[in-house]
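Asks: Just so it is clear, I am handing over upload12.cif, which has mmCIF, C-alpha atoms.
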data_final
loop_
_atom_site.label_atom_id
_atom_site.label_comp_id
_atom_site.auth_asym_id
_atom_site.auth_seq_id
_atom_site.Cartn_x
_atom_site.Cartn_y
_atom_site.Cartn_z
CA MET A 1 173.30 17.71 100.28
CA LEU A 2 176.82 18.23 101.63
CA SER A 3 178.20 15.92 98.97
CA LEU A 4 176.14 17.69 96.31
CA SER A 5 177.25 21.14 97.40
CA ALA A 6 180.86 19.93 97.42
CA ASP A 7 180.49 18.48 93.91
CA LEU A 8 179.05 21.73 92.58
CA THR A 9 181.80 23.83 94.10
CA GLU A 10 184.45 21.25 93.14
CA THR A 11 185.50 20.93 96.77
CA LYS A 12 186.86 17.65 98.06
CA ILE A 13 185.15 16.65 101.28
CA ASP A 14 185.73 13.42 103.15
CA LEU A 15 182.17 12.42 103.98
CA ARG A 16 183.33 10.23 106.86
CA ILE A 17 183.20 13.37 108.96
CA ILE A 18 179.41 12.92 109.02
CA ASN A 19 179.84 9.55 110.73
CA ASP A 20 182.99 10.04 112.76
CA GLY A 21 182.43 13.61 113.81
CA GLY A 22 185.90 14.62 112.67
CA SER A 23 187.67 12.58 115.30
CA GLU A 24 189.27 10.23 112.80
CA THR A 25 189.10 12.18 109.56
CA SER A 26 190.52 15.44 108.39
CA PRO A 27 187.82 18.08 108.34
CA GLU A 28 189.20 19.78 105.25
CA GLY A 29 186.88 21.47 102.77
CA VAL A 30 184.54 23.07 105.28
CA LEU A 31 185.56 26.06 107.36
CA HIS A 32 185.37 25.42 111.14
CA ALA A 33 184.20 21.87 110.41
CA ARG A 34 185.38 20.40 113.68
CA GLU A 35 183.65 23.05 115.81
CA LEU A 36 180.43 22.81 113.79
CA VAL A 37 180.35 19.04 114.09
CA GLU A 38 181.05 19.08 117.82
CA PHE A 39 178.29 21.61 118.36
CA ALA A 40 175.82 19.47 116.37
CA GLU A 41 176.79 16.37 118.37
CA ALA A 42 176.39 18.20 121.66
CA VAL A 43 172.89 19.37 120.70
CA VAL A 44 171.76 15.80 119.97
CA SER A 45 173.48 14.28 123.00
CA ARG A 46 171.70 16.76 125.32
CA ASP A 47 174.83 16.91 127.49
CA GLU A 48 174.75 20.51 128.73
CA THR A 49 178.42 20.57 129.70
CA ASP A 50 179.48 19.43 126.23
CA LEU A 51 177.03 21.83 124.65
CA ARG A 52 178.36 24.89 126.52
CA ARG A 53 181.92 23.85 125.71
CA ALA A 54 181.05 23.42 122.01
CA GLU A 55 179.20 26.75 122.05
CA ASN A 56 182.28 28.54 123.35
CA GLU A 57 184.59 26.85 120.85
CA LEU A 58 182.35 27.71 117.91
CA LEU A 59 181.88 31.27 119.15
CA LYS A 60 185.65 31.68 119.41
CA VAL A 61 186.40 30.61 115.84
CA ALA A 62 183.28 31.61 113.92
CA GLY A 63 181.66 34.47 115.85
CA GLN A 64 178.24 35.26 117.19
CA GLU A 65 176.26 35.33 113.94
CA ALA A 66 177.58 31.94 112.85
CA LEU A 67 176.79 30.48 116.27
CA VAL A 68 173.19 31.69 116.10
CA ASP A 69 172.81 30.33 112.56
CA THR A 70 174.27 26.97 113.61
CA ALA A 71 171.89 26.69 116.55
CA CYS A 72 168.97 27.40 114.22
CA VAL A 73 170.13 24.86 111.61
CA ALA A 74 170.50 22.30 114.41
CA GLY A 75 166.97 23.07 115.63
CA ASN A 76 165.69 22.78 112.07
CA PHE A 77 167.16 19.32 111.59
CA GLN A 78 166.00 18.12 114.98
CA ARG A 79 162.58 18.73 113.40
CA MET A 80 163.27 17.32 109.93
CA VAL A 81 164.64 13.96 111.12
CA ARG A 82 161.52 13.51 113.23
CA ILE A 83 159.15 14.40 110.39
CA ALA A 84 160.89 11.80 108.20
CA ASP A 85 160.96 9.05 110.81
CA ALA A 86 157.51 9.67 112.32
CA THR A 87 155.92 9.43 108.87
CA GLY A 88 158.15 6.65 107.53
CA ILE A 89 158.96 8.33 104.23
CA PRO A 90 161.49 6.69 101.90
CA ILE A 91 164.25 8.61 100.15
CA ASP A 92 162.85 10.26 97.02
CA ALA A 93 163.48 8.24 93.85
CA VAL A 94 165.25 11.19 92.19
CA ARG A 95 167.64 11.57 95.16
CA LEU A 96 168.40 7.89 95.57
CA PRO A 97 171.10 7.61 92.87
CA LEU A 98 172.73 10.76 94.27
CA MET A 99 172.79 9.26 97.72
CA MET A 100 173.90 5.71 97.01
CA LYS A 101 177.59 6.57 97.23
CA ALA A 102 177.16 8.18 100.64
CA VAL A 103 174.83 5.38 101.80
CA ASP A 104 177.45 2.75 100.91
CA GLU A 105 180.49 4.73 102.10
CA LEU A 106 178.95 5.65 105.41
CA GLY A 107 177.07 2.38 105.97
CA LEU A 108 173.83 4.26 106.52
CA LYS A 109 171.75 1.12 106.06
CA ARG A 110 172.56 0.27 109.66
CA PHE A 111 169.97 2.82 110.74
CA GLU A 112 166.57 1.45 111.77
CA SER A 113 164.75 3.91 109.49
CA ALA A 114 166.63 2.61 106.41
CA LYS A 115 163.93 -0.03 106.12
CA ASN A 116 161.50 2.69 105.03
CA THR A 117 163.43 2.98 101.75
CA PRO A 118 163.21 -0.14 99.57
CA SER A 119 166.54 -1.37 98.19
CA MET A 120 167.29 -0.52 94.58
CA GLY A 121 166.81 -3.42 92.21
CA TRP A 122 169.72 -4.67 90.07
CA LEU A 123 168.65 -2.58 87.08
CA ASN A 124 168.44 0.59 89.15
CA ARG A 125 171.82 -0.17 90.72
CA LEU A 126 173.32 -0.76 87.29
CA THR A 127 172.01 2.53 85.93
CA ALA A 128 172.63 4.49 89.15
CA PRO A 129 175.95 6.07 87.99
CA LEU A 130 174.29 7.35 84.82
CA ARG A 131 171.26 8.62 86.72
CA ARG A 132 173.59 10.25 89.25
CA LYS A 133 175.28 12.14 86.40
CA LEU A 134 171.92 13.23 85.01
CA ALA A 135 170.67 14.31 88.42
CA LEU A 136 173.91 16.22 89.05
CA SER A 137 173.61 18.05 85.77
CA MET A 138 170.00 18.93 86.65
CA MET A 139 171.17 20.23 90.04
CA LYS A 140 173.89 22.27 88.36
CA ARG A 141 171.32 23.90 86.06
CA MET A 142 169.08 24.62 89.05
CA ASP A 143 172.05 26.07 90.96
CA ARG A 144 173.10 28.28 88.01
CA LYS A 145 169.53 29.57 87.70
CA ALA A 146 169.38 30.29 91.43
CA ASN A 147 172.61 32.26 91.14
CA GLY A 148 171.47 34.15 88.03
CA ARG A 149 174.19 32.63 85.86
CA MET B 1 156.17 40.92 127.52
CA THR B 2 156.37 40.10 123.80
CA ALA B 3 157.14 36.46 123.07
CA PHE B 4 160.63 35.74 121.76
CA SER B 5 162.02 39.17 122.59
CA PHE B 6 165.32 37.43 123.44
CA GLN B 7 166.03 40.12 126.04
CA ASN B 8 168.12 37.72 128.09
CA SER B 9 169.96 36.25 125.14
CA PRO B 10 173.72 36.75 125.18
CA TYR B 11 173.57 36.87 121.37
CA LYS B 12 171.82 39.08 118.87
CA ILE B 13 169.09 37.03 117.20
CA ARG B 14 168.07 37.79 113.61
CA THR B 15 164.67 39.50 113.47
CA ASP B 16 163.32 36.99 110.94
CA ILE B 17 163.96 34.24 113.49
CA SER B 18 162.18 36.00 116.34
CA SER B 19 159.23 36.95 114.15
CA ALA B 20 158.90 33.41 112.71
CA TYR B 21 158.94 31.95 116.23
CA ARG B 22 156.44 34.54 117.46
CA GLU B 23 154.13 33.84 114.54
CA TYR B 24 154.33 30.11 115.24
CA TRP B 25 153.49 30.65 118.94
CA HIS B 26 150.40 32.55 117.79
CA CYS B 27 149.35 29.62 115.54
CA LEU B 28 150.12 27.08 118.27
CA ALA B 29 147.57 28.65 120.61
CA GLN B 30 144.72 28.52 118.06
CA ALA B 31 142.53 25.54 117.27
CA GLY B 32 144.05 23.52 114.46
CA SER B 33 142.36 21.08 112.12
CA TRP B 34 142.07 18.13 114.52
CA TRP B 35 143.10 19.47 117.95
CA SER B 36 141.86 22.48 119.95
CA GLY B 37 144.18 25.30 120.99
CA ALA B 38 144.31 23.89 124.53
CA GLU B 39 145.23 20.45 123.19
CA ARG B 40 147.91 21.87 120.88
CA VAL B 41 149.50 23.74 123.79
CA ALA B 42 149.24 20.52 125.84
CA ILE B 43 151.11 18.69 123.03
CA ALA B 44 153.81 21.38 123.26
CA ARG B 45 153.99 20.85 127.02
CA GLU B 46 154.47 17.11 126.46
CA VAL B 47 157.40 17.88 124.14
CA ARG B 48 159.12 19.47 127.13
CA ASN B 49 158.08 16.65 129.47
CA ALA B 50 159.47 14.08 127.00
CA THR B 51 162.98 15.52 127.21
CA GLN B 52 162.92 14.91 130.98
CA CYS B 53 160.99 11.61 130.97
CA ASP B 54 162.83 8.77 132.80
CA TYR B 55 160.58 6.15 131.23
CA CYS B 56 161.47 7.42 127.73
CA SER B 57 165.19 7.30 128.41
CA GLU B 58 164.91 3.74 129.79
CA ARG B 59 162.64 2.63 126.94
CA LYS B 60 165.08 3.96 124.37
CA LYS B 61 167.68 1.52 125.70
CA ALA B 62 165.26 -1.45 125.49
CA LEU B 63 165.54 -3.84 122.55
CA SER B 64 161.91 -3.22 121.66
CA PRO B 65 159.84 -0.19 122.67
CA TYR B 66 156.74 -2.41 122.61
CA GLN B 67 157.76 -4.68 125.47
CA PHE B 68 158.73 -2.15 128.07
CA PRO B 69 155.93 -1.24 130.48
CA GLY B 70 156.02 2.00 132.42
CA THR B 71 154.51 5.45 132.68
CA HIS B 72 155.56 8.73 131.16
CA GLN B 73 156.25 11.92 133.08
CA GLU B 74 153.30 13.88 131.79
CA SER B 75 151.06 16.83 132.54
CA GLY B 76 147.87 14.75 132.58
CA THR B 77 145.85 16.86 130.16
CA LEU B 78 146.08 14.73 126.99
CA PRO B 79 144.82 11.20 126.32
CA SER B 80 147.54 8.66 127.09
CA ALA B 81 147.80 7.67 123.39
CA ALA B 82 148.65 11.26 122.49
CA VAL B 83 151.17 11.53 125.33
CA ASP B 84 152.91 8.37 124.15
CA ALA B 85 152.93 9.56 120.53
CA VAL B 86 154.54 12.90 121.47
CA HIS B 87 157.14 11.21 123.68
CA ARG B 88 157.98 8.71 120.93
CA VAL B 89 158.33 11.39 118.26
CA ILE B 90 160.69 13.35 120.49
CA THR B 91 162.74 10.58 122.11
CA ASP B 92 162.50 7.38 120.02
CA GLN B 93 161.41 8.49 116.56
CA ASN B 94 163.38 6.04 114.48
CA ARG B 95 161.56 3.04 115.95
CA ILE B 96 158.12 4.34 114.94
CA THR B 97 156.51 1.86 112.55
CA GLN B 98 153.43 1.69 110.35
CA THR B 99 151.90 -0.70 112.89
CA TYR B 100 152.45 1.80 115.69
CA VAL B 101 150.81 4.61 113.72
CA GLU B 102 147.85 2.42 112.78
CA ASN B 103 147.31 1.15 116.34
CA CYS B 104 148.11 4.23 118.39
CA GLU B 105 144.43 5.05 119.02
CA LEU B 106 144.66 8.42 117.29
CA SER B 107 143.10 9.11 113.93
CA GLU B 108 145.59 9.48 111.08
CA GLU B 109 144.77 13.21 110.92
CA GLN B 110 145.23 13.66 114.67
CA TYR B 111 148.56 11.85 114.51
CA VAL B 112 149.82 14.03 111.65
CA GLU B 113 148.84 17.29 113.34
CA LEU B 114 150.33 16.07 116.63
CA VAL B 115 153.62 15.32 114.86
CA GLY B 116 153.57 18.77 113.24
CA VAL B 117 153.06 20.57 116.54
CA ALA B 118 155.55 18.41 118.44
CA VAL B 119 158.40 18.74 115.95
CA THR B 120 157.94 22.45 115.33
CA VAL B 121 157.88 23.27 119.04
CA PHE B 122 160.88 20.99 119.55
CA SER B 123 162.85 22.70 116.76
CA ILE B 124 162.26 26.09 118.34
CA ASP B 125 163.11 24.84 121.84
CA GLU B 126 166.25 23.10 120.57
CA SER B 127 167.60 26.21 118.86
CA MET B 128 167.13 28.15 122.09
CA ARG B 129 168.65 25.43 124.26
CA ALA B 130 171.60 25.32 121.88
CA LEU B 131 172.23 28.99 122.57
CA GLY B 132 171.77 28.64 126.32
CA VAL B 133 168.63 30.79 126.22
CA ALA B 134 165.69 29.96 128.54
CA LEU B 135 162.76 28.32 126.76
CA GLU B 136 159.85 30.60 125.91
CA PRO B 137 156.77 30.15 128.15
CA LEU B 138 154.01 28.38 126.23
CA PRO B 139 151.19 30.58 124.93
CA GLU B 140 147.72 30.80 126.48
CA PRO B 141 145.35 28.67 124.38
CA VAL B 142 142.66 30.48 122.40
CA GLU B 143 139.06 29.20 122.43
CA GLY B 144 137.83 27.59 119.24
CA GLU B 145 136.98 24.34 117.55
CA PRO B 146 139.13 22.34 115.11
CA ASP B 147 137.91 22.70 111.52
CA HIS B 148 138.35 18.96 110.66
CA TYR B 149 139.76 19.86 107.26
CA ARG B 150 141.13 16.96 105.21
CA PRO B 151 142.46 17.72 101.71
CA ILE B 152 140.31 15.94 99.15
CA LYS B 153 143.35 14.73 97.18
CA ALA B 154 145.18 13.20 100.16
CA LYS B 155 145.86 9.49 99.76
CA ARG B 156 148.31 6.78 100.75
CA ASP B 157 151.35 6.44 98.51
CA VAL B 158 154.59 6.35 100.52
CA GLY B 159 155.20 6.32 104.26
CA PHE B 160 152.88 5.59 107.16
CA VAL B 161 150.21 8.26 106.55
CA ALA B 162 148.15 9.70 103.70
CA MET B 163 149.63 12.76 101.95
CA ILE B 164 148.79 15.09 99.10
CA PRO B 165 150.35 13.55 95.97
CA VAL B 166 153.24 15.30 94.23
CA ASP B 167 150.92 16.76 91.59
CA GLY B 168 148.11 17.40 94.05
CA ALA B 169 149.05 20.82 95.41
CA VAL B 170 146.31 22.65 93.55
CA GLY B 171 143.34 24.83 94.50
CA VAL B 172 143.51 25.90 98.13
CA GLU B 173 146.66 23.79 98.54
CA LYS B 174 148.56 25.37 95.63
CA ASP B 175 150.75 27.37 98.01
CA LEU B 176 152.24 24.18 99.49
CA TRP B 177 154.63 23.45 96.61
CA LYS B 178 155.02 24.05 92.91
CA ALA B 179 152.85 21.37 91.30
CA GLY B 180 154.90 18.32 90.44
CA GLN B 181 158.06 19.56 92.19
CA THR B 182 158.53 18.55 95.79
CA ALA B 183 160.16 16.02 98.09
CA HIS B 184 158.55 13.45 100.37
CA VAL B 185 159.67 15.34 103.46
CA LEU B 186 157.89 18.49 102.28
CA ARG B 187 154.61 16.64 101.80
CA ALA B 188 154.93 14.23 104.74
CA LEU B 189 152.50 16.23 106.93
CA SER B 190 150.29 17.47 104.09
CA LEU B 191 147.28 15.50 105.33
CA VAL B 192 146.99 18.57 107.58
CA PRO B 193 148.07 21.38 105.22
CA ASN B 194 148.40 23.97 107.98
CA ALA B 195 150.93 21.74 109.74
CA VAL B 196 153.11 22.08 106.63
CA ARG B 197 152.56 25.83 106.33
CA GLU B 198 153.44 26.32 109.99
CA TRP B 199 156.76 24.47 109.88
CA TYR B 200 157.71 25.97 106.50
CA ARG B 201 157.74 29.48 108.02
CA VAL B 202 159.90 28.38 110.92
CA GLY B 203 162.17 26.38 108.58
CA ASP B 204 162.67 29.38 106.28
CA ALA B 205 164.19 31.30 109.20
CA GLN B 206 166.10 28.43 110.81
CA TYR B 207 167.53 26.90 107.65
CA LEU B 208 166.73 28.18 104.16
CA SER B 209 163.57 28.86 102.18
CA VAL B 210 162.63 26.36 99.45
CA SER B 211 163.95 28.76 96.78
CA GLN B 212 167.22 29.29 98.71
CA MET B 213 167.61 25.50 98.93
CA LYS B 214 168.02 25.37 95.14
CA ASN B 215 171.12 27.53 95.46
CA LEU B 216 173.78 24.97 96.31
CA SER B 217 176.93 27.00 95.70
CA GLY B 218 176.17 30.72 96.01
CA PRO B 219 175.74 33.01 99.02
CA THR B 220 173.21 31.82 101.59
CA GLY B 221 172.39 35.14 103.20
CA ARG B 222 173.59 33.59 106.46
CA ALA B 223 176.86 33.68 108.38
CA LEU B 224 177.41 30.05 107.32
CA ASP B 225 178.05 28.93 103.74
CA ARG B 226 176.06 26.09 102.23
CA ARG B 227 178.67 23.42 103.00
CA GLN B 228 178.82 24.46 106.65
CA ILE B 229 175.02 24.37 106.87
CA GLU B 230 174.85 20.90 105.30
CA LEU B 231 177.64 19.61 107.51
CA VAL B 232 175.62 20.53 110.62
CA ALA B 233 172.51 19.03 109.02
CA GLY B 234 174.36 15.84 108.13
CA ARG B 235 175.87 15.39 111.57
CA ILE B 236 172.51 15.99 113.30
CA SER B 237 170.92 13.40 111.00
CA ALA B 238 173.71 10.86 111.59
CA CYS B 239 173.64 11.32 115.38
CA SER B 240 169.85 10.90 115.22
CA GLU B 241 170.30 7.79 113.04
CA CYS B 242 168.00 9.20 110.38
CA PHE B 243 168.38 7.48 107.01
CA TYR B 244 166.32 10.05 105.09
#
Take the structure in the file and give it back as structure tokens.

Replies:
Amino acid sequence: MLSLSADLTETKIDLRIINDGGSETSPEGVLHARELVEFAEAVVSRDETDLRRAENELLKVAGQEALVDTACVAGNFQRMVRIADATGIPIDAVRLPLMMKAVDELGLKRFESAKNTPSMGWLNRLTAPLRRKLALSMMKRMDRKANGR
Amino acid sequence: MTAFSFQNSPYKIRTDISSAYREYWHCLAQAGSWWSGAERVAIAREVRNATQCDYCSERKKALSPYQFPGTHQESGTLPSAAVDAVHRVITDQNRITQTYVENCELSEEQYVELVGVAVTVFSIDESMRALGVALEPLPEPVEGEPDHYRPIKAKRDVGFVAMIPVDGAVGVEKDLWKAGQTAHVLRALSLVPNAVREWYRVGDAQYLSVSQMKNLSGPTGRALDRRQIELVAGRISACSECFY
């Protein structure tokens, strides 16, 4: 979704930040990226010292409302990842061509739950760029409609 | 005192968040479709036990979760199969397999409702822990019997459990999604439709509503823009090793 949102707003984002947490990549393209990423990491790690440090850093740069929203988004995704993994759902067929670039770039197949999504066959791989374009154009239409344009 | 009043919170919490959490606490205490109110609250208690469970943290390091004997830190009110399922969903979710779900000694419907309760409670607890706010005391269970409702259209297609098919949200389930337009994650728990309805309301406040999700570039109505929201989502998913 980050890659999609970046494509629609014509913003260049180095997706490696998702994997590396901003330690090795420039967090350009997203405001307060480093602080947001560190806060998310600290929530998952359950290290209270790191979490309080990340809370203070995010509060300093983004303010109280953004901190509350970030905590809620983090809570939300602590739920969503567990729904997906506890029920073994694969990535939706329509999303798969959109995700292949990120899957390959970030090496996401290393995750245990990747086995819940069957690999794309050669024909699907071959047509993935075209289907990605079609899916992107569908997303753009949906986005324009949502924004009343 | 009213639940989720956030009186001791150092931060101002949006009213839609506190009311969504309060509404969920009310649902949590009632009988569901396959568990009583007391059992649902006991599942919530196990969510909190799981985060402190030494056995879970040792088991997570083991090569296989199936060859690591031990006992969970638990409250002793749920069957051991349910305790293990809650602890796995909270602490070792990406090693859950079809075989585990089929052999966990819970019915498919019980498992799905248990997952729904566990993950929704956990999401609320996690947002509060992230803000350094004390966790809300669990609600008092309300008397009542589960209704044993199973949607007639539910069937196996993807994943480990039966779900309502993409075009199956009709009749009493028509509120779940617009017929034909949904994602696997939105229907993953639809074998117990109320489990979906309950987490949707919490998700609307924590993240975005389904209609807001379609807006990928415009204002979010939050203090974060869409890219910031998705960056947090992406990093949480990567740290949790979630492929989906």

Asks: Could you pull the residues within 12 Å of Val89 of chain B, counting only C-alpha atoms, minus those fewer than 4 positions along the same chain, as a tab-separated table (two decimals) with C-alpha atoms, keeping the file's coordinate frame?

Replies:
chain	number	residue	atom	x	y	z
A	78	GLN	CA	166.00	18.12	114.98
A	79	ARG	CA	162.58	18.73	113.40
A	80	MET	CA	163.27	17.32	109.93
A	81	VAL	CA	164.64	13.96	111.12
A	82	ARG	CA	161.52	13.51	113.23
A	83	ILE	CA	159.15	14.40	110.39
A	84	ALA	CA	160.89	11.80	108.20
A	85	ASP	CA	160.96	9.05	110.81
A	86	ALA	CA	157.51	9.67	112.32
A	87	THR	CA	155.92	9.43	108.87
A	88	GLY	CA	158.15	6.65	107.53
B	43	ILE	CA	151.11	18.69	123.03
B	46	GLU	CA	154.47	17.11	126.46
B	47	VAL	CA	157.40	17.88	124.14
B	50	ALA	CA	159.47	14.08	127.00
B	51	THR	CA	162.98	15.52	127.21
B	56	CYS	CA	161.47	7.42	127.73
B	60	LYS	CA	165.08	3.96	124.37
B	82	ALA	CA	148.65	11.26	122.49
B	83	VAL	CA	151.17	11.53	125.33
B	84	ASP	CA	152.91	8.37	124.15
B	85	ALA	CA	152.93	9.56	120.53
B	93	GLN	CA	161.41	8.49	116.56
B	94	ASN	CA	163.38	6.04	114.48
B	95	ARG	CA	161.56	3.04	115.95
B	96	ILE	CA	158.12	4.34	114.94
B	97	THR	CA	156.51	1.86	112.55
B	100	TYR	CA	152.45	1.80	115.69
B	101	VAL	CA	150.81	4.61	113.72
B	111	TYR	CA	148.56	11.85	114.51
B	112	VAL	CA	149.82	14.03	111.65
B	114	LEU	CA	150.33	16.07	116.63
B	115	VAL	CA	153.62	15.32	114.86
B	116	GLY	CA	153.57	18.77	113.24
B	117	VAL	CA	153.06	20.57	116.54
B	118	ALA	CA	155.55	18.41	118.44
B	119	VAL	CA	158.40	18.74	115.95
B	120	THR	CA	157.94	22.45	115.33
B	121	VAL	CA	157.88	23.27	119.04
B	122	PHE	CA	160.88	20.99	119.55
B	240	SER	CA	169.85	10.90	115.22

Asks: Report, in Å with one decimal, the straight-line distance from atom CA of Cys239 of chain B to atom CA of Ile18 of chain A.

Replies: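 Computed distance, atom CA of Cys239 of chain B to atom CA of Ile18 of chain A, equals 8.7 Å.
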
Asks: Evaluate the PyMOL selection byres ((chain B and resi 179) around 6) against this structure - the residues, as a PyMOL selection string, please.

Replies: chain B and resi 167+169+177-178+180-181

Asks: Next, dump the selected residues to file, keeping only C-alpha atoms, as a PDB file, keeping the file's coordinate frame.

Replies:
ATOM      1  CA  ASP B 167     150.920  16.760  91.590  1.00  0.00           C
ATOM      2  CA  ALA B 169     149.050  20.820  95.410  1.00  0.00           C
ATOM      3  CA  TRP B 177     154.630  23.450  96.610  1.00  0.00           C
ATOM      4  CA  LYS B 178     155.020  24.050  92.910  1.00  0.00           C
ATOM      5  CA  GLY B 180     154.900  18.320  90.440  1.00  0.00           C
ATOM      6  CA  GLN B 181     158.060  19.560  92.190  1.00  0.00           C
TER       7      GLN B 181
END

Asks: Name the residues that the PyMOL selection byres ((chain B) within 6 of (chain A)) picks from the file above, as a list in words, using the file's chain letters and numbers.

Replies: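 With the PyMOL selection byres ((chain B) within 6 of (chain A)) on this model, the match is Gln93, Asn94, Ile96, Val119, Ser123, Glu126, Ser127, Ala130, Gly159, Phe160, Gln206, Tyr207, Lys214, Asn215, Leu216, Ala223, Leu224, Arg227, Glu230, Val232, Ala233, Gly234, Arg235, Ile236, Glu241, Cys242, Phe243 and Tyr244 of chain B.
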
Asks: Would you list the contacts of Gln30 of chain B as a ChimeraX atom specification, taking every protein, DNA or RNA residue within 12 Å and counting all atoms listed in the file, but skipping same-chain residues closer than 6 positions in sequence?

Replies: /B:23-24,36-41,117,139-147,194
